[in-house]
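Reproduced below: query.txt, with compact mmCIF, C-alpha atoms.
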```txt
# COMPACT_ATOMS: atom_id res chain seq x y z
CA MET A 1 -3.08 24.16 0.04
CA PRO A 2 -4.07 23.34 -3.57
CA ASN A 3 -7.63 24.04 -4.68
CA VAL A 4 -9.15 21.30 -6.79
CA VAL A 5 -12.10 21.70 -9.16
CA LEU A 6 -13.62 18.56 -10.65
CA HIS A 7 -16.09 19.05 -13.51
CA LYS A 8 -18.39 16.12 -14.04
CA SER A 9 -21.85 15.56 -15.50
CA GLY A 10 -22.42 19.30 -15.90
CA GLU A 11 -21.50 20.12 -12.31
CA ALA A 12 -18.35 21.53 -10.71
CA PHE A 13 -17.17 20.11 -7.37
CA ARG A 14 -14.63 22.13 -5.42
CA GLY A 15 -12.37 21.30 -2.51
CA GLU A 16 -9.07 22.13 -0.87
CA VAL A 17 -6.48 19.41 -0.30
CA ALA A 18 -3.08 19.21 1.36
CA ALA A 19 -0.01 19.58 -0.85
CA GLU A 20 1.35 16.32 -2.31
CA THR A 21 -2.11 14.79 -2.29
CA ASN A 22 -3.14 11.89 -4.47
CA LEU A 23 -6.81 12.43 -5.31
CA VAL A 24 -7.50 8.71 -5.72
CA VAL A 25 -6.15 8.09 -2.23
CA ARG A 26 -8.41 10.90 -0.99
CA ALA A 27 -11.44 9.39 -2.71
CA GLY A 28 -10.46 5.96 -1.38
CA ILE A 29 -10.61 7.22 2.19
CA ARG A 30 -13.95 8.89 1.57
CA GLN A 31 -12.81 12.51 1.40
CA PHE A 32 -13.22 15.06 -1.41
CA PRO A 33 -13.31 14.38 -4.37
CA TYR A 34 -15.28 11.35 -3.06
CA PRO A 35 -17.88 10.38 -4.24
CA HIS A 36 -17.53 12.29 -7.50
CA LEU A 37 -14.16 11.03 -8.76
CA THR A 38 -14.45 7.63 -10.39
CA TYR A 39 -11.43 5.37 -10.05
CA GLY A 40 -10.64 1.68 -10.25
CA CYS A 41 -7.38 -0.20 -9.72
CA GLY A 42 -5.33 2.70 -8.35
CA MET A 43 -2.30 1.39 -10.21
CA GLY A 44 -2.46 3.07 -13.61
CA LYS A 45 -3.90 0.06 -15.33
CA CYS A 46 -7.67 0.38 -15.78
CA GLY A 47 -7.89 4.04 -16.83
CA ARG A 48 -11.14 4.71 -14.97
CA CYS A 49 -9.65 7.70 -13.14
CA ALA A 50 -8.57 9.45 -16.36
CA CYS A 51 -9.32 13.17 -16.42
CA ARG A 52 -8.61 15.99 -18.85
CA VAL A 53 -6.61 18.72 -17.13
CA LEU A 54 -8.31 22.05 -17.82
CA ALA A 55 -5.93 24.20 -15.73
CA GLY A 56 -2.77 23.60 -13.74
CA ALA A 57 -1.13 21.10 -16.08
CA GLY A 58 2.07 23.12 -16.02
CA HIS A 59 2.71 22.13 -12.42
CA LEU A 60 2.45 18.40 -13.11
CA PRO A 61 5.40 16.12 -13.91
CA ALA A 62 5.54 14.56 -17.37
CA PRO A 63 3.30 11.50 -17.83
CA ASN A 64 4.93 8.33 -16.51
CA TRP A 65 5.22 5.01 -18.31
CA LYS A 66 1.85 3.77 -17.05
CA GLU A 67 0.05 6.88 -18.30
CA THR A 68 1.83 6.67 -21.63
CA ARG A 69 0.82 3.06 -22.04
CA ARG A 70 -2.78 3.48 -20.87
CA LEU A 71 -3.67 6.84 -22.42
CA GLY A 72 -1.68 6.80 -25.66
CA GLU A 73 -2.82 9.62 -27.94
CA ARG A 74 -5.15 11.02 -25.26
CA ILE A 75 -2.12 12.46 -23.48
CA GLY A 76 -1.84 14.96 -26.33
CA GLN A 77 -5.43 16.01 -25.62
CA GLY A 78 -4.55 16.84 -22.01
CA PHE A 79 -5.62 13.59 -20.30
CA ARG A 80 -3.83 12.25 -17.22
CA LEU A 81 -4.37 9.31 -14.87
CA VAL A 82 -5.28 10.89 -11.56
CA CYS A 83 -4.07 7.85 -9.59
CA GLN A 84 -0.55 8.64 -10.83
CA LEU A 85 -0.57 12.31 -9.80
CA TRP A 86 0.42 13.95 -6.54
CA VAL A 87 -1.16 17.41 -6.60
CA THR A 88 1.03 20.29 -5.45
CA HIS A 89 -0.78 23.30 -6.97
CA ASP A 90 -4.30 24.35 -7.93
CA ILE A 91 -5.78 22.09 -10.58
CA GLU A 92 -8.99 21.90 -12.59
CA LEU A 93 -10.09 18.55 -14.01
CA HIS A 94 -12.87 17.17 -16.16
CA GLN A 95 -13.92 13.53 -15.96
CA ASP A 96 -16.25 11.71 -18.34
CA ASP A 97 -16.93 8.12 -17.25
CA ALA A 98 -18.57 7.16 -20.56
CA LEU A 99 -15.56 8.43 -22.49
CA ASN A 100 -13.19 6.50 -20.22
CA ALA A 101 -15.22 3.32 -20.65
CA ALA A 102 -15.11 3.68 -24.43
CA ALA A 103 -11.39 4.48 -24.57
CA PRO A 104 -9.20 1.93 -26.38
CA ARG A 105 -7.51 -0.71 -24.25
CA PRO A 106 -3.79 -0.28 -23.66
CA ARG A 107 -1.22 -2.27 -25.53
CA GLU A 108 0.25 -4.98 -23.32
CA GLY A 109 3.89 -5.86 -22.88
CA MET B 1 -10.11 -0.39 33.83
CA PRO B 2 -8.73 2.50 31.71
CA ASP B 3 -11.09 5.18 30.40
CA MET B 4 -12.43 5.18 26.88
CA MET B 5 -10.15 7.32 24.65
CA ASP B 6 -11.61 9.81 22.19
CA GLN B 7 -10.81 9.06 18.54
CA ALA B 8 -7.92 11.55 18.24
CA THR B 9 -6.20 10.20 21.36
CA PHE B 10 -6.81 6.61 20.31
CA ARG B 11 -5.34 7.27 16.85
CA THR B 12 -2.22 8.82 18.34
CA ALA B 13 -1.88 5.84 20.66
CA LEU B 14 -2.17 3.45 17.70
CA GLU B 15 0.46 5.38 15.76
CA THR B 16 2.77 5.31 18.76
CA ALA B 17 2.26 1.57 19.26
CA ILE B 18 3.29 0.95 15.65
CA LYS B 19 6.16 3.43 15.57
CA GLY B 20 7.76 1.98 18.68
CA LYS B 21 8.87 -1.16 16.89
CA SER B 22 9.03 0.07 13.33
CA ALA B 23 10.88 -2.20 10.93
CA THR B 24 12.37 0.73 9.03
CA ARG B 25 15.47 0.86 11.23
CA SER B 26 16.23 -2.84 11.03
CA PRO B 27 19.63 -3.71 9.49
CA PHE B 28 17.95 -5.23 6.43
CA SER B 29 15.92 -2.07 5.75
CA VAL B 30 18.94 0.16 6.31
CA ALA B 31 21.09 -1.95 3.96
CA TRP B 32 18.31 -1.79 1.37
CA ALA B 33 18.00 1.98 1.65
CA GLU B 34 21.77 2.42 1.39
CA GLY B 35 21.88 0.36 -1.82
CA LYS B 36 24.13 -2.27 -0.20
CA LEU B 37 22.08 -5.40 -0.86
CA SER B 38 23.09 -7.69 -3.73
CA ARG B 39 20.64 -9.07 -6.27
CA ALA B 40 20.98 -12.42 -4.48
CA HIS B 41 19.88 -10.79 -1.19
CA LEU B 42 16.87 -9.27 -2.95
CA CYS B 43 16.00 -12.70 -4.39
CA ARG B 44 15.89 -14.14 -0.87
CA TRP B 45 13.73 -11.21 0.24
CA ALA B 46 11.23 -11.83 -2.57
CA GLU B 47 11.17 -15.58 -1.85
CA ASN B 48 10.20 -14.80 1.74
CA HIS B 49 8.01 -11.77 1.19
CA TYR B 50 5.75 -13.72 -1.15
CA HIS B 51 4.70 -16.01 1.69
CA TYR B 52 3.97 -13.12 4.02
CA VAL B 53 1.95 -10.89 1.66
CA GLY B 54 0.77 -13.54 -0.80
CA PRO B 55 -2.03 -14.84 1.47
CA PHE B 56 -3.07 -11.30 2.56
CA ALA B 57 -6.48 -11.59 0.91
CA GLU B 58 -6.94 -14.94 2.66
CA TYR B 59 -6.17 -13.38 6.03
CA LEU B 60 -8.73 -10.68 5.29
CA ALA B 61 -11.29 -13.23 4.10
CA TYR B 62 -11.32 -14.90 7.51
CA VAL B 63 -11.89 -11.54 9.16
CA TYR B 64 -14.57 -10.66 6.61
CA ALA B 65 -16.47 -13.87 7.32
CA ARG B 66 -16.42 -13.22 11.08
CA LEU B 67 -17.48 -9.55 10.95
CA PRO B 68 -21.11 -9.22 12.07
CA ALA B 69 -23.56 -8.38 9.29
CA HIS B 70 -24.42 -4.99 10.81
CA MET B 71 -20.84 -3.76 10.38
CA THR B 72 -21.54 -3.09 6.72
CA GLU B 73 -18.86 -0.44 6.21
CA ALA B 74 -16.16 -2.62 7.70
CA LYS B 75 -17.27 -5.63 5.66
CA ASP B 76 -17.31 -3.61 2.44
CA PHE B 77 -13.84 -2.31 3.19
CA MET B 78 -12.47 -5.80 3.67
CA LEU B 79 -14.10 -6.97 0.45
CA SER B 80 -12.68 -4.12 -1.62
CA ASN B 81 -9.26 -4.61 -0.01
CA MET B 82 -9.32 -8.28 -1.03
CA TYR B 83 -10.49 -7.39 -4.55
CA GLU B 84 -7.74 -4.83 -5.00
CA GLU B 85 -5.08 -7.25 -3.77
CA GLU B 86 -6.14 -9.94 -6.20
CA ILE B 87 -8.10 -8.84 -9.26
CA GLY B 88 -8.59 -5.05 -9.23
CA GLY B 89 -5.71 -4.60 -11.65
CA ASP B 90 -2.63 -6.76 -11.88
CA ARG B 91 -2.46 -9.34 -9.09
CA HIS B 92 -0.08 -7.90 -6.54
CA THR B 93 1.87 -11.13 -6.15
CA ASP B 94 2.41 -11.29 -9.93
CA LEU B 95 4.17 -7.93 -9.67
CA LEU B 96 6.27 -9.25 -6.79
CA ILE B 97 7.26 -12.22 -8.96
CA ARG B 98 8.15 -9.83 -11.81
CA PHE B 99 10.53 -8.04 -9.44
CA ALA B 100 11.91 -11.36 -8.17
CA GLU B 101 12.64 -12.50 -11.73
CA ALA B 102 14.41 -9.20 -12.42
CA CYS B 103 16.58 -9.94 -9.38
CA GLY B 104 17.53 -13.32 -10.79
CA THR B 105 15.28 -15.89 -9.14
CA SER B 106 12.31 -17.72 -10.66
CA ALA B 107 8.54 -17.81 -10.11
CA ALA B 108 8.85 -21.45 -9.07
CA ARG B 109 11.41 -20.63 -6.39
CA VAL B 110 9.33 -17.70 -5.13
CA LYS B 111 6.20 -19.82 -4.83
CA ASP B 112 7.97 -22.75 -3.17
CA PRO B 113 7.18 -22.58 0.57
CA ASP B 114 10.39 -24.50 1.32
CA ASN B 115 12.30 -21.35 0.45
CA MET B 116 10.91 -19.25 3.27
CA SER B 117 12.70 -18.99 6.59
CA PRO B 118 11.17 -20.35 9.81
CA THR B 119 10.66 -16.75 10.93
CA THR B 120 8.68 -15.92 7.80
CA ARG B 121 6.59 -19.03 8.43
CA GLY B 122 6.03 -17.69 11.94
CA LEU B 123 4.88 -14.30 10.65
CA GLN B 124 2.52 -15.93 8.15
CA SER B 125 1.13 -18.19 10.89
CA TRP B 126 0.66 -15.20 13.20
CA CYS B 127 -1.33 -13.41 10.49
CA TYR B 128 -3.60 -16.45 10.04
CA SER B 129 -3.97 -16.79 13.78
CA VAL B 130 -4.97 -13.15 14.20
CA ALA B 131 -7.44 -13.40 11.33
CA MET B 132 -9.08 -16.55 12.72
CA ARG B 133 -9.02 -15.99 16.46
CA GLU B 134 -9.08 -12.32 17.42
CA ASP B 135 -12.14 -10.10 17.63
CA PRO B 136 -12.59 -8.96 13.97
CA ILE B 137 -11.97 -5.29 14.80
CA VAL B 138 -8.82 -6.25 16.72
CA ALA B 139 -7.77 -8.34 13.72
CA ILE B 140 -8.23 -5.31 11.41
CA ALA B 141 -6.13 -3.27 13.82
CA GLY B 142 -3.37 -5.89 13.74
CA LEU B 143 -3.33 -6.76 10.05
CA VAL B 144 -4.36 -3.53 8.35
CA VAL B 145 -3.37 -0.75 10.75
CA GLY B 146 -0.40 -2.54 12.32
CA LEU B 147 1.07 -4.14 9.19
CA GLU B 148 -0.45 -2.87 5.94
CA SER B 149 -0.45 0.82 6.89
CA GLN B 150 3.33 0.72 7.39
CA VAL B 151 3.96 -0.23 3.79
CA PRO B 152 3.67 3.17 2.02
CA SER B 153 6.34 4.81 4.15
CA ILE B 154 8.67 1.84 3.70
CA TYR B 155 8.21 1.57 -0.07
CA ARG B 156 8.31 5.35 -0.57
CA ARG B 157 11.91 5.22 0.66
CA GLN B 158 12.80 1.98 -1.10
CA THR B 159 11.43 2.62 -4.59
CA PRO B 160 13.74 5.48 -5.65
CA THR B 161 16.66 3.45 -4.30
CA LEU B 162 15.68 0.48 -6.43
CA ARG B 163 15.79 2.65 -9.54
CA GLU B 164 18.75 4.86 -8.73
CA LYS B 165 21.11 2.60 -6.78
CA TYR B 166 20.13 -0.87 -7.96
CA GLY B 167 19.33 0.07 -11.58
CA PHE B 168 15.89 -1.55 -11.89
CA THR B 169 13.44 -0.24 -14.51
CA ASP B 170 10.08 1.34 -13.66
CA GLU B 171 8.27 -1.77 -14.82
CA GLU B 172 10.44 -4.09 -12.73
CA VAL B 173 9.63 -2.15 -9.54
CA GLU B 174 5.91 -1.67 -10.17
CA PHE B 175 5.14 -3.87 -7.14
CA PHE B 176 6.51 -1.11 -4.91
CA ASP B 177 4.86 1.72 -6.83
CA LEU B 178 1.33 0.41 -6.60
CA HIS B 179 1.54 -0.06 -2.89
CA ILE B 180 2.14 3.64 -2.40
CA VAL B 181 -1.44 4.26 -3.57
CA SER B 182 -3.45 1.21 -2.58
CA ASP B 183 -1.90 0.57 0.82
CA GLU B 184 -2.26 4.23 1.66
CA ILE B 185 -6.01 3.89 1.07
CA HIS B 186 -6.18 0.58 2.92
CA GLY B 187 -4.16 1.80 5.88
CA GLU B 188 -6.19 4.97 6.34
CA ARG B 189 -9.52 3.19 5.88
CA GLY B 190 -8.33 0.61 8.39
CA TYR B 191 -7.73 3.41 10.87
CA GLN B 192 -11.22 4.81 10.21
CA ILE B 193 -12.82 1.40 10.81
CA VAL B 194 -10.88 0.70 14.00
CA LEU B 195 -11.54 4.19 15.37
CA SER B 196 -15.27 3.82 14.69
CA TYR B 197 -15.85 0.25 15.85
CA ALA B 198 -13.51 -0.13 18.83
CA THR B 199 -16.25 1.12 21.11
CA THR B 200 -15.09 -0.10 24.53
CA PRO B 201 -11.94 0.57 26.56
CA ASP B 202 -11.11 -3.14 26.42
CA LEU B 203 -11.40 -3.26 22.63
CA GLN B 204 -9.20 -0.17 22.35
CA ARG B 205 -6.63 -1.81 24.62
CA GLN B 206 -6.65 -4.99 22.55
CA CYS B 207 -6.21 -2.97 19.34
CA LEU B 208 -3.21 -1.15 20.77
CA LYS B 209 -1.65 -4.38 21.99
CA ILE B 210 -2.05 -6.15 18.65
CA CYS B 211 -0.50 -3.21 16.79
CA GLU B 212 2.45 -3.40 19.12
CA VAL B 213 2.77 -7.16 18.61
CA GLY B 214 2.28 -6.83 14.83
CA ALA B 215 5.08 -4.32 14.61
CA GLN B 216 7.27 -6.66 16.69
CA MET B 217 6.46 -9.53 14.34
CA ARG B 218 7.37 -7.48 11.29
CA LEU B 219 10.61 -6.36 12.91
CA LEU B 220 11.39 -9.98 13.83
CA TYR B 221 10.79 -11.01 10.20
CA THR B 222 12.97 -8.21 8.81
CA ASN B 223 15.77 -8.87 11.30
CA ALA B 224 15.72 -12.56 10.38
CA LEU B 225 16.13 -11.66 6.71
CA TYR B 226 19.33 -9.83 7.64
CA HIS B 227 20.71 -12.57 9.90
CA ASN B 228 19.78 -15.45 7.57
CA TYR B 229 20.85 -14.03 4.24
CA VAL B 230 22.90 -10.83 4.56
CA GLU B 231 24.97 -10.73 7.74
CA ASN B 232 27.85 -12.87 6.42
CA ASP B 233 28.30 -10.56 3.43
CA LEU B 234 27.52 -7.28 5.14
CA PRO B 235 28.29 -7.06 8.89
CA LEU B 236 26.50 -4.52 11.09
CA ARG B 237 29.61 -2.29 11.34
CA GLU B 238 29.26 -1.52 7.62
CA LEU B 239 25.75 -0.12 8.06
CA ASP B 240 24.74 3.32 9.29
CA LEU B 241 22.39 2.24 12.07
CA ALA B 242 22.78 5.39 14.16
CA ALA B 243 20.08 7.55 12.52
```

Have the structure of the file written as structure tokens, please.
Amino acid sequence: MPNVVLHKSGEAFRGEVAAETNLVVRAGIRQFPYPHLTYGCGMGKCGRCACRVLAGAGHLPAPNWKETRRLGERIGQGFRLVCQLWVTHDIELHQDDALNAAAPRPREG
Amino acid sequence: MPDMMDQATFRTALETAIKGKSATRSPFSVAWAEGKLSRAHLCRWAENHYHYVGPFAEYLAYVYARLPAHMTEAKDFMLSNMYEEEIGGDRHTDLLIRFAEACGTSAARVKDPDNMSPTTRGLQSWCYSVAMREDPIVAIAGLVVGLESQVPSIYRRQTPTLREKYGFTDEEVEFFDLHIVSDEIHGERGYQIVLSYATTPDLQRQCLKICEVGAQMRLLYTNALYHNYVENDLPLRELDLAA
């Protein structure tokens, strides 16, 4: 059972989830990391669920085409779209809503 | 009069009602999973599927309007479900049309109601009927738990096949990808609402019945797709229906 730590607004929220869990789905059904994880469209488009991966990135698959399009250079800084991830191992995330709101819009096409 | 079920028992009963007539073993679904459908077959699927899922927010809107004001959580759920279907990101039907165009048909053909089969028209009409006539909680059981919650398991099997066996790109099959996340949320939240608000044995019974009928309707629709568009090219003996 993966342990998840979500850092946000100076606090750390911890929870245990089943393997192969999508954290946006969890938040959507009102379970941890609800209500702390911010998300939007759930389809890799809006970028509101973006988090920087502080630990556990090695267990994640490479960013998919939606993450590449939406996050651009932020991928190199360790950002991922949580709606596109199915967590299989312990992971530690940091989310900054203001930073996500200010992030550049994706290129279309 | 049967006794009131606790939530765990009621949930299991709902799952059983849906599973009993699951569309995943229909010839059309099996042919899809085995990579045996042609692009023309997939065009016909998209031209029908649009008229079943396209009005989904409309179905939910009727239920939303009829939910009593005190059922705030249920109302909010319906509203966010509608929002996510239509304007939360890309409109879901636009992604369906993108897939349809990749298969070789056009947006105009997909949107033309003359291109749906009578069975698809029947399924669409049943959805409107449920939304307008049933108790709102029973309607959520039928439309969200009975129909929408089935989608993730179906698309989870179909999406890799579309890439690996049919050769579609990630972008062309995004319609199927997004449903794995959003319908999973909608289906589970639908369960939570139905479990919380079906507060009498009779309401529980009605919810179970409509899930059973909903699953029958979806199976009817999927079987008709096979008989109308596929059977002549791909007879049953060529499909592995035993599993």

Contact set, chain A to chain B: 9 Å, only C-alpha atoms, as a list of chain:residue names: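 Per the criterion, chain A yields A:Asn22, A:Val24, A:Val25, A:Arg26, A:Ala27, A:Gly28, A:Ile29, A:Arg30, A:Gly40, A:Cys41, A:Gly42, A:Met43, A:Gly44, A:Lys45, A:Cys46, A:Trp65, A:Lys66, A:Cys83, A:Gln84.
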
Assuming 4 Å of padding per side, give the centre and edge lengths of the axis-aligned box around every listed atom of range 221-231 of chain B, in Å to one decimal and as JSON.
```
{"center_x": 17.9, "center_y": -11.8, "center_z": 7.8, "size_x": 22.2, "size_y": 15.2, "size_z": 15.1}
```

Long-range neighbours of Pro136 in chain B as a count of residues only, 9 Å cut-off, all atoms listed in the file, 3 positions minimum in chain: 13

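In this structure, CA of His94 in chain A sits 6.0 Å away from CA of Lys8 in chain A.
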
Which polymer residues have any atom within 9 Å of an atom of Leu54 in chain A, counting only C-alpha atoms, with same-chain residues fewer than 3 positions away left out, as an NGL selection string? :A and (57 or 78 or 91-94)

Would you put the residues from that selection into a file with C-alpha atoms, as a PDB file, in the coordinates of the input?
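Saved result, out20.pdb, follows:
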```pdb
ATOM      1  CA  ALA A  57      -1.130  21.100 -16.080  1.00  0.00           C
ATOM      2  CA  GLY A  78      -4.550  16.840 -22.010  1.00  0.00           C
ATOM      3  CA  ILE A  91      -5.780  22.090 -10.580  1.00  0.00           C
ATOM      4  CA  GLU A  92      -8.990  21.900 -12.590  1.00  0.00           C
ATOM      5  CA  LEU A  93     -10.090  18.550 -14.010  1.00  0.00           C
ATOM      6  CA  HIS A  94     -12.870  17.170 -16.160  1.00  0.00           C
TER       7      HIS A  94
END
```

Between CA of Leu60 in chain B and CA of Met78 in chain B, measure the distance and give it in Å to one decimal. 6.4 Å

Hey, can you check how far CA of Ser196 in chain B sits from CA of Met82 in chain B?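 That distance, rounded to one decimal, is 20.7 Å.
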
Within 12 Å of (8.5, -20.0, -5.8), in the coordinates the file gives, what residues turn up when you count only C-alpha atoms, written out as a ChimeraX atom specification? /B:43-51,54,93-94,96-98,100-101,105-116

Would you mind listing what lies within 9 Å of Arg14 in chain A as a PyMOL selection string, with all atoms listed in the file counted and same-chain residues fewer than 6 positions away left out? chain A and resi 3-7+32-33

Just the residues within 6 Å of Cys49 in chain A, please, counting all atoms listed in the file, with nothing from its chain fewer than 3 positions along; format it as a ChimeraX atom specification. /A:38-39,81-82

Let's have the selection written as a short mmCIF file (atom, residue, chain, number, x, y, z; two decimals), in the coordinates of the input, with C-alpha atoms.
```
data_model
loop_
_atom_site.label_atom_id
_atom_site.label_comp_id
_atom_site.auth_asym_id
_atom_site.auth_seq_id
_atom_site.Cartn_x
_atom_site.Cartn_y
_atom_site.Cartn_z
CA THR A 38 -14.45 7.63 -10.39
CA TYR A 39 -11.43 5.37 -10.05
CA LEU A 81 -4.37 9.31 -14.87
CA VAL A 82 -5.28 10.89 -11.56
#
```

Identify which of the residues A:His59, A:Arg48, A:Arg69, A:Arg80 lies closest to Asn100 in chain A, counting all atoms listed in the file when measuring atom-to-atom distances.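 Ranked by minimum distance to Asn100 in chain A, first place goes to A:Arg48.
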